[in-house]
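Colleague: Provided below: final_11.cif, containing mmCIF, C-alpha atoms.
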data_upload
loop_
_atom_site.label_atom_id
_atom_site.label_comp_id
_atom_site.auth_asym_id
_atom_site.auth_seq_id
_atom_site.Cartn_x
_atom_site.Cartn_y
_atom_site.Cartn_z
CA MET A 1 4.83 -15.65 -1.62
CA LYS A 2 6.11 -13.68 -4.61
CA LEU A 3 3.88 -11.14 -6.25
CA ARG A 4 4.92 -10.41 -9.79
CA VAL A 5 3.02 -7.28 -10.66
CA ASP A 6 4.19 -4.18 -12.46
CA ASN A 7 1.62 -1.71 -11.14
CA SER A 8 -1.08 -1.21 -8.55
CA GLU A 9 -3.91 -1.92 -10.98
CA GLN A 10 -2.61 -5.45 -11.59
CA LEU A 11 -2.37 -6.02 -7.85
CA MET A 12 -5.94 -4.83 -7.33
CA GLN A 13 -7.08 -7.23 -10.06
CA ILE A 14 -5.43 -10.10 -8.17
CA ALA A 15 -7.05 -8.96 -4.91
CA LEU A 16 -10.45 -8.86 -6.60
CA GLU A 17 -9.96 -12.31 -8.12
CA ASP A 18 -8.97 -13.72 -4.73
CA SER A 19 -11.95 -11.97 -3.06
CA LEU A 20 -9.55 -10.14 -0.74
CA PHE A 21 -10.19 -6.56 -1.86
CA LYS A 22 -12.36 -5.59 1.13
CA LYS A 23 -9.91 -7.15 3.55
CA LEU A 24 -7.07 -5.29 1.82
CA ILE A 25 -8.90 -2.01 2.33
CA GLN A 26 -9.53 -2.82 5.99
CA GLN A 27 -5.88 -3.70 6.57
CA ALA A 28 -4.68 -0.52 4.88
CA GLU A 29 -7.12 1.58 6.91
CA LYS A 30 -5.93 -0.09 10.11
CA ASP A 31 -2.25 0.53 9.39
CA PHE A 32 -2.80 4.13 8.30
CA ILE A 33 -4.73 4.77 11.51
CA LEU A 34 -1.92 3.19 13.56
CA ALA A 35 0.44 5.65 11.87
CA ASN A 36 -1.96 8.45 12.82
CA VAL A 37 -2.64 9.37 9.17
CA PRO A 38 -6.19 8.11 8.49
CA LEU A 39 -7.23 7.68 4.86
CA LYS A 40 -10.78 9.09 5.24
CA MET A 41 -12.20 6.35 3.07
CA PRO A 42 -15.58 6.88 1.39
CA VAL A 43 -18.24 4.27 2.09
CA ALA A 44 -18.16 2.77 -1.41
CA ILE A 45 -14.84 2.75 -3.24
CA ASP A 46 -13.58 0.84 -6.24
CA ALA A 47 -10.06 -0.43 -6.88
CA LEU A 48 -8.91 2.58 -8.91
CA GLY A 49 -10.34 5.01 -6.37
CA PHE A 50 -8.56 3.17 -3.57
CA ILE A 51 -5.24 3.32 -5.41
CA ALA A 52 -5.71 7.04 -6.05
CA LEU A 53 -6.56 7.68 -2.40
CA VAL A 54 -3.46 5.87 -1.15
CA ARG A 55 -1.24 7.56 -3.77
CA GLU A 56 -2.53 11.01 -2.83
CA LYS A 57 -1.95 10.35 0.88
CA VAL A 58 1.59 9.06 0.22
CA TYR A 59 2.39 12.08 -1.96
CA TYR A 60 1.05 14.46 0.68
CA LEU A 61 3.06 12.79 3.43
CA MET A 62 6.24 12.79 1.36
CA MET A 63 5.90 16.48 0.59
CA GLU A 64 4.46 17.88 3.82
CA HIS A 65 5.02 15.42 6.69
CA PHE A 66 8.06 13.29 5.99
CA ALA A 67 8.38 12.02 9.57
CA GLU A 68 4.83 10.65 9.42
CA TYR A 69 5.63 9.11 6.02
CA LEU A 70 8.60 7.27 7.54
CA ASN A 71 6.46 6.16 10.49
CA LEU A 72 3.86 4.79 8.07
CA MET A 73 6.52 2.82 6.18
CA TYR A 74 7.70 1.37 9.50
CA ILE A 75 4.20 0.42 10.63
CA ILE A 76 3.31 -1.18 7.30
CA ASP A 77 6.66 -2.99 7.51
CA ILE A 78 8.03 -2.39 4.04
CA PRO A 79 11.56 -3.83 3.83
CA GLU A 80 14.31 -1.29 3.20
CA LYS A 81 15.65 -3.36 0.32
CA ASP A 82 12.42 -2.70 -1.59
CA PHE A 83 13.16 1.01 -1.56
CA GLN A 84 16.45 0.40 -3.38
CA HIS A 85 14.51 -0.57 -6.52
CA ILE A 86 12.59 2.70 -6.71
CA GLU A 87 13.54 4.79 -9.71
CA ILE A 88 13.87 8.39 -8.61
CA THR A 89 12.40 10.63 -11.26
CA ASP A 90 9.90 13.02 -9.73
CA THR A 91 7.82 12.97 -6.57
CA VAL A 92 4.63 11.84 -8.32
CA ASP A 93 6.36 8.79 -9.83
CA VAL A 94 8.03 7.96 -6.53
CA ALA A 95 4.65 8.23 -4.75
CA ASP A 96 3.20 5.85 -7.34
CA GLN A 97 6.01 3.32 -6.78
CA VAL A 98 5.71 3.61 -3.00
CA THR A 99 1.95 3.09 -3.31
CA LEU A 100 2.64 -0.19 -5.09
CA LEU A 101 5.01 -1.23 -2.29
CA ILE A 102 2.38 -0.39 0.33
CA LEU A 103 -0.38 -2.26 -1.48
CA LYS A 104 1.85 -5.29 -2.07
CA ARG A 105 2.76 -5.49 1.60
CA GLU A 106 -0.82 -5.02 2.74
CA TYR A 107 -1.99 -7.68 0.26
CA LYS A 108 0.62 -10.12 1.56
CA LYS A 109 -0.60 -9.59 5.13
CA VAL A 110 -4.20 -10.23 4.08
CA TRP A 111 -3.31 -13.20 1.88
CA TYR A 112 -1.31 -14.94 4.61
CA ARG A 113 -3.99 -14.30 7.21
CA ASN A 114 -6.66 -15.65 4.85
CA LYS A 115 -4.62 -18.73 3.93
CA TYR A 116 -3.52 -19.76 7.43
CA GLN A 117 -6.51 -18.87 9.60
#
Rewrite the structure from the file as structure tokens, please.

Modeller:
Amino acid sequence: MKLRVDNSEQLMQIALEDSLFKKLIQQAEKDFILANVPLKMPVAIDALGFIALVREKVYYLMMEHFAEYLNLMYIIDIPEKDFQHIEITDTVDVADQVTLLILKREYKKVWYRNKYQ
């Protein structure tokens, strides 16, 4: 499965169209908890709020707890080759690009599980 999206908002639109948004949130929550960095998700959250929450958590981990950030990337199972395409400008932009990688990987997990179960 190839996802051709340029940003997280496009990915969330695809998740909403496929009716997989709630499952995507659940998968992300599960993986963040496994990495021992819970998201503290509000009860009702929209796509843009979810993206912002993940981006803020990634930024915080990159700046304050890099070992936990690396552990999260391992648990989510983002391929190392994907990190080679990140343009290094400033930390906020890198956090945004990493957020897209996280959401893409989580969406793929949910999509495959939905398709083959």

Colleague: Env of Tyr112 (chain A): 12 Å cut, atoms = only C-alpha atoms, seq-sep filter 3 positions within chain, self excluded. Answer as a PyMOL selection string.

Modeller: chain A and resi 1-2+20+23-24+105-109+115-117

Colleague: Taking the file as shown, what set of residues would the PyMOL selection byres ((chain A and resi 67-75) around 10) give back, as a PyMOL selection string?

Modeller: chain A and resi 31-37+57-66+76-80+98+101-102

Colleague: Using only C-alpha atoms, which residue out of A:Ala47, A:Val94, A:Leu39, A:Ala52 lies closest to Leu16 (chain A)?

Modeller: A:Ala47

Colleague: Can you measure CA of Lys40 (chain A) to CA of Leu53 (chain A) for me? One decimal in Å is fine.

Modeller: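 One can read the CA of Lys40 (chain A) to CA of Leu53 (chain A) distance as 8.8 Å.
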
Colleague: Could you tell me how far CA of Glu87 (chain A) sits from CA of Lys30 (chain A), in Å to one decimal place?

Modeller: 28.2 Å

Colleague: Interatomic distance between CA of Gln10 (chain A) and CA of Ala28 (chain A)?

Modeller: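 CA of Ala28 (chain A) lies at a distance of 17.3 Å from CA of Gln10 (chain A).
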
Colleague: What do you get, as an MDAnalysis selection string, if you spell out every residue that the PyMOL selection byres ((chain A and resi 50) around 12) selects here?

Modeller: chainID A and resid 8:9 11:12 21:22 24:26 28:29 39:49 51:57 99:100 103

Colleague: Missing atoms in region 76-104 of chain A: can you complete it with N, CA and C atoms, as a JSON list (two decimals), in the coordinates of the input?

Modeller:
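Final output, saved to part-v5.json:
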[["chain", "number", "residue", "atom", "x", "y", "z"],
["A", 76, "ILE", "N", 3.72, -0.24, 8.34],
["A", 76, "ILE", "CA", 3.31, -1.18, 7.30],
["A", 76, "ILE", "C", 4.34, -2.29, 7.16],
["A", 77, "ASP", "N", 5.58, -2.00, 7.52],
["A", 77, "ASP", "CA", 6.66, -2.99, 7.51],
["A", 77, "ASP", "C", 7.15, -3.29, 6.09],
["A", 78, "ILE", "N", 7.45, -2.23, 5.37],
["A", 78, "ILE", "CA", 8.03, -2.39, 4.04],
["A", 78, "ILE", "C", 9.54, -2.54, 4.20],
["A", 79, "PRO", "N", 10.11, -3.61, 3.68],
["A", 79, "PRO", "CA", 11.56, -3.83, 3.83],
["A", 79, "PRO", "C", 12.38, -2.72, 3.14],
["A", 80, "GLU", "N", 13.46, -2.34, 3.76],
["A", 80, "GLU", "CA", 14.31, -1.29, 3.20],
["A", 80, "GLU", "C", 14.85, -1.67, 1.83],
["A", 81, "LYS", "N", 15.10, -2.95, 1.61],
["A", 81, "LYS", "CA", 15.65, -3.36, 0.32],
["A", 81, "LYS", "C", 14.70, -3.07, -0.83],
["A", 82, "ASP", "N", 13.39, -3.02, -0.54],
["A", 82, "ASP", "CA", 12.42, -2.70, -1.59],
["A", 82, "ASP", "C", 12.55, -1.26, -2.06],
["A", 83, "PHE", "N", 13.00, -0.39, -1.18],
["A", 83, "PHE", "CA", 13.16, 1.01, -1.56],
["A", 83, "PHE", "C", 14.35, 1.22, -2.50],
["A", 84, "GLN", "N", 15.28, 0.28, -2.50],
["A", 84, "GLN", "CA", 16.45, 0.40, -3.38],
["A", 84, "GLN", "C", 16.08, 0.27, -4.84],
["A", 85, "HIS", "N", 14.93, -0.34, -5.14],
["A", 85, "HIS", "CA", 14.51, -0.57, -6.52],
["A", 85, "HIS", "C", 13.65, 0.57, -7.07],
["A", 86, "ILE", "N", 13.40, 1.57, -6.25],
["A", 86, "ILE", "CA", 12.59, 2.70, -6.71],
["A", 86, "ILE", "C", 13.43, 3.59, -7.61],
["A", 87, "GLU", "N", 12.88, 3.87, -8.78],
["A", 87, "GLU", "CA", 13.54, 4.79, -9.71],
["A", 87, "GLU", "C", 13.15, 6.21, -9.34],
["A", 88, "ILE", "N", 14.14, 7.02, -9.04],
["A", 88, "ILE", "CA", 13.87, 8.39, -8.61],
["A", 88, "ILE", "C", 13.81, 9.28, -9.84],
["A", 89, "THR", "N", 12.60, 9.71, -10.14],
["A", 89, "THR", "CA", 12.40, 10.63, -11.26],
["A", 89, "THR", "C", 11.80, 11.92, -10.72],
["A", 90, "ASP", "N", 10.52, 11.89, -10.42],
["A", 90, "ASP", "CA", 9.90, 13.02, -9.73],
["A", 90, "ASP", "C", 9.02, 12.48, -8.60],
["A", 91, "THR", "N", 8.52, 13.37, -7.78],
["A", 91, "THR", "CA", 7.82, 12.97, -6.57],
["A", 91, "THR", "C", 6.54, 12.19, -6.89],
["A", 92, "VAL", "N", 5.86, 12.55, -7.96],
["A", 92, "VAL", "CA", 4.63, 11.84, -8.32],
["A", 92, "VAL", "C", 4.93, 10.39, -8.68],
["A", 93, "ASP", "N", 5.98, 10.16, -9.47],
["A", 93, "ASP", "CA", 6.36, 8.79, -9.83],
["A", 93, "ASP", "C", 6.83, 8.00, -8.61],
["A", 94, "VAL", "N", 7.57, 8.64, -7.75],
["A", 94, "VAL", "CA", 8.03, 7.96, -6.53],
["A", 94, "VAL", "C", 6.82, 7.60, -5.66],
["A", 95, "ALA", "N", 5.86, 8.51, -5.53],
["A", 95, "ALA", "CA", 4.65, 8.23, -4.75],
["A", 95, "ALA", "C", 3.89, 7.05, -5.35],
["A", 96, "ASP", "N", 3.87, 6.96, -6.67],
["A", 96, "ASP", "CA", 3.20, 5.85, -7.34],
["A", 96, "ASP", "C", 3.91, 4.53, -7.04],
["A", 97, "GLN", "N", 5.24, 4.53, -7.06],
["A", 97, "GLN", "CA", 6.01, 3.32, -6.78],
["A", 97, "GLN", "C", 5.88, 2.92, -5.32],
["A", 98, "VAL", "N", 5.87, 3.89, -4.42],
["A", 98, "VAL", "CA", 5.71, 3.61, -3.00],
["A", 98, "VAL", "C", 4.31, 3.07, -2.73],
["A", 99, "THR", "N", 3.31, 3.60, -3.44],
["A", 99, "THR", "CA", 1.95, 3.09, -3.31],
["A", 99, "THR", "C", 1.90, 1.61, -3.67],
["A", 100, "LEU", "N", 2.59, 1.22, -4.72],
["A", 100, "LEU", "CA", 2.64, -0.19, -5.09],
["A", 100, "LEU", "C", 3.29, -1.01, -3.98],
["A", 101, "LEU", "N", 4.37, -0.52, -3.39],
["A", 101, "LEU", "CA", 5.01, -1.23, -2.29],
["A", 101, "LEU", "C", 4.06, -1.40, -1.11],
["A", 102, "ILE", "N", 3.33, -0.34, -0.79],
["A", 102, "ILE", "CA", 2.38, -0.39, 0.33],
["A", 102, "ILE", "C", 1.29, -1.42, 0.04],
["A", 103, "LEU", "N", 0.71, -1.35, -1.15],
["A", 103, "LEU", "CA", -0.38, -2.26, -1.48],
["A", 103, "LEU", "C", 0.09, -3.70, -1.55],
["A", 104, "LYS", "N", 1.30, -3.93, -2.04],
["A", 104, "LYS", "CA", 1.85, -5.29, -2.07],
["A", 104, "LYS", "C", 1.99, -5.84, -0.66]]
